[in-house]
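The structure under discussion appears below in the form of structure tokens.
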Amino acid sequence: MTLLQLKTKADAKLLEFWDALAIKQEAFHLKHGRYFQLIVTDPVVDGVDTTFVLKHPNDETHVIDVDFTFNSPIPFEIRVDTWGNVPTRGYRMTATIELPDGRKFARSRSLTDTRTITQDMDNTDPENPVPVGDRYYAGDTPVIATSNWNEVIDETI
């Protein structure tokens, strides 16, 4: 498979993958106030359709709440890194494709979020406010940035 063919195949699947992951990240964030991370999936060479397997870091808490499945094969390696705390936090999804000659190319999409999570309260009894309704976001819309494919240069010696 040529580099152009591999990029085209990966881009088509990335659109679907990024949208599915963003929905799960949003639900997790609303519940826990942070985003979840995923460790690198197994390497994928020459765009071979590979079953996505969810892998969590050992220190990831609330793993049961992640519940992210992707039932379509992916032709890339994927990882999700998180950063930050209040007021700015976010995550970056990085896809890596590899050619049979060992060259690798990566593309990422990141979300930077400054919103706060809030919930309406019934303050009839000021000593014991009672939550009313669901939690929701307040603040600016998150900023999403997507990179182009860039060659990964291994600088290990």
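Residue numbering restarts at 1 for every chain of the structure tokens, chains are lettered A, B, ... in their displayed order, and ligands are numbered from 1 as they appear.
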Write out as a PyMOL selection string the residues lying within 12 Å of Lys24 of chain A, counting only C-alpha atoms and excluding same-chain residues fewer than 2 positions away.
chain A and resi 17-22+26-31+34-37+65-70
Once DSSP has gone over the backbone, tell me which residues of segment 15-151 of chain A are in strand (DSSP E), as a PyMOL selection string.
chain A and resi 77-84+89-98+104-113+116-122+130-138+143-146+150-151
Could you take the residues named above and write them with C-alpha atoms, as a tab-separated table (two decimals), in the first residue's frame?
```tsv
chain	number	residue	atom	x	y	z
A	77	GLU	CA	-2.25	2.48	16.16
A	78	ILE	CA	-4.10	4.78	18.59
A	79	ARG	CA	-3.39	6.38	21.95
A	80	VAL	CA	-5.22	8.97	24.04
A	81	ASP	CA	-3.31	11.27	26.40
A	82	THR	CA	-4.94	13.63	28.88
A	83	TRP	CA	-3.65	16.76	30.55
A	84	GLY	CA	-4.52	19.53	32.92
A	89	ARG	CA	-7.85	20.38	30.71
A	90	GLY	CA	-8.14	18.22	27.63
A	91	TYR	CA	-7.04	15.22	25.69
A	92	ARG	CA	-5.16	14.32	22.51
A	93	MET	CA	-5.90	11.31	20.31
A	94	THR	CA	-2.91	10.30	18.21
A	95	ALA	CA	-3.13	7.84	15.33
A	96	THR	CA	0.05	6.32	13.90
A	97	ILE	CA	0.33	4.50	10.60
A	98	GLU	CA	3.35	2.44	9.61
A	104	LYS	CA	5.77	5.96	10.60
A	105	PHE	CA	3.41	8.89	10.25
A	106	ALA	CA	1.19	10.35	12.97
A	107	ARG	CA	-1.84	12.59	13.06
A	108	SER	CA	-3.63	13.93	16.12
A	109	ARG	CA	-6.76	15.69	17.25
A	110	SER	CA	-6.82	17.54	20.56
A	111	LEU	CA	-9.56	19.10	22.63
A	112	THR	CA	-8.82	21.92	25.08
A	113	ASP	CA	-11.62	22.58	27.56
A	116	THR	CA	-17.01	24.19	34.33
A	117	ILE	CA	-19.49	21.55	35.35
A	118	THR	CA	-22.42	22.86	37.35
A	119	GLN	CA	-25.79	21.76	38.63
A	120	ASP	CA	-28.84	23.67	39.71
A	121	MET	CA	-29.63	23.51	43.42
A	122	ASP	CA	-32.77	23.87	45.51
A	130	VAL	CA	-30.50	19.68	47.15
A	131	PRO	CA	-29.27	19.04	43.59
A	132	VAL	CA	-31.97	19.54	40.98
A	133	GLY	CA	-31.79	18.07	37.47
A	134	ASP	CA	-28.72	16.87	35.62
A	135	ARG	CA	-25.21	18.30	35.73
A	136	TYR	CA	-24.35	20.55	32.78
A	137	TYR	CA	-21.54	22.64	31.33
A	138	ALA	CA	-21.07	26.38	31.63
A	143	VAL	CA	-11.28	24.20	21.18
A	144	ILE	CA	-10.53	21.31	18.82
A	145	ALA	CA	-7.34	21.21	16.76
A	146	THR	CA	-6.43	18.57	14.17
A	150	ASN	CA	3.68	14.10	9.93
A	151	GLU	CA	6.54	11.64	9.75
```
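Atom CA of Leu99 of chain A sits 8.0 Å away from atom CA of Thr2 of chain A.
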What gap, in Å, lies between atom CA of Ala10 of chain A and atom CA of Pro75 of chain A?
5.9 Å
Tell me, which residues of chain A carry DSSP helix (DSSP H, G or I), written as a PyMOL selection string?
chain A and resi 3-32+63-66
Keeping only C-alpha atoms, write the selected residues as a PDB file, in the first residue's frame.
```
ATOM      1  CA  LEU A   3       1.627   6.215   1.725  1.00  0.00           C
ATOM      2  CA  LEU A   4      -1.221   8.108   0.035  1.00  0.00           C
ATOM      3  CA  GLN A   5      -3.455   5.021   0.064  1.00  0.00           C
ATOM      4  CA  LEU A   6      -2.643   4.375   3.708  1.00  0.00           C
ATOM      5  CA  LYS A   7      -3.363   7.983   4.727  1.00  0.00           C
ATOM      6  CA  THR A   8      -6.658   7.937   2.806  1.00  0.00           C
ATOM      7  CA  LYS A   9      -7.740   4.677   4.422  1.00  0.00           C
ATOM      8  CA  ALA A  10      -6.765   5.877   7.908  1.00  0.00           C
ATOM      9  CA  ASP A  11      -8.445   9.287   7.453  1.00  0.00           C
ATOM     10  CA  ALA A  12     -11.767   7.674   6.554  1.00  0.00           C
ATOM     11  CA  LYS A  13     -11.710   5.505   9.691  1.00  0.00           C
ATOM     12  CA  LEU A  14     -10.371   8.318  11.896  1.00  0.00           C
ATOM     13  CA  LEU A  15     -13.439  10.465  11.288  1.00  0.00           C
ATOM     14  CA  GLU A  16     -15.649   7.698  12.639  1.00  0.00           C
ATOM     15  CA  PHE A  17     -13.274   6.812  15.492  1.00  0.00           C
ATOM     16  CA  TRP A  18     -12.733  10.403  16.670  1.00  0.00           C
ATOM     17  CA  ASP A  19     -16.478  11.080  16.743  1.00  0.00           C
ATOM     18  CA  ALA A  20     -17.186   7.909  18.748  1.00  0.00           C
ATOM     19  CA  LEU A  21     -14.380   8.634  21.213  1.00  0.00           C
ATOM     20  CA  ALA A  22     -15.438  12.271  21.641  1.00  0.00           C
ATOM     21  CA  ILE A  23     -18.948  11.187  22.677  1.00  0.00           C
ATOM     22  CA  LYS A  24     -17.543   8.807  25.306  1.00  0.00           C
ATOM     23  CA  GLN A  25     -15.028  11.398  26.537  1.00  0.00           C
ATOM     24  CA  GLU A  26     -17.794  13.969  26.972  1.00  0.00           C
ATOM     25  CA  ALA A  27     -19.977  11.609  29.023  1.00  0.00           C
ATOM     26  CA  PHE A  28     -17.016  10.526  31.184  1.00  0.00           C
ATOM     27  CA  HIS A  29     -15.953  14.139  31.725  1.00  0.00           C
ATOM     28  CA  LEU A  30     -19.427  15.247  32.758  1.00  0.00           C
ATOM     29  CA  LYS A  31     -19.570  12.433  35.326  1.00  0.00           C
ATOM     30  CA  HIS A  32     -15.990  12.619  36.689  1.00  0.00           C
ATOM     31  CA  VAL A  63     -12.247   2.235  34.283  1.00  0.00           C
ATOM     32  CA  ILE A  64     -15.713   0.697  34.413  1.00  0.00           C
ATOM     33  CA  ASP A  65     -17.201   4.059  33.380  1.00  0.00           C
ATOM     34  CA  VAL A  66     -15.120   4.300  30.213  1.00  0.00           C
TER      35      VAL A  66
END
```
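Between atom CA of Pro100 of chain A and atom CA of Trp149 of chain A the interatomic distance comes to 17.1 Å.
Distances to Leu54 of chain A were evaluated for A:Asp42, A:Glu127, A:Asp140, A:Asp154 using only C-alpha atoms, and the minimum falls at A:Asp42.
Counting only C-alpha atoms, the residue from A:Asn71, A:Asp46, A:Val152, A:Pro57 that sits nearest to Asp101 of chain A is A:Asp46.
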For Thr51 of chain A, please output as a ChimeraX atom specification all residues within 8 Å (counting only C-alpha atoms; exclusion window: fewer than 6 positions along the same chain).
/A:71-74
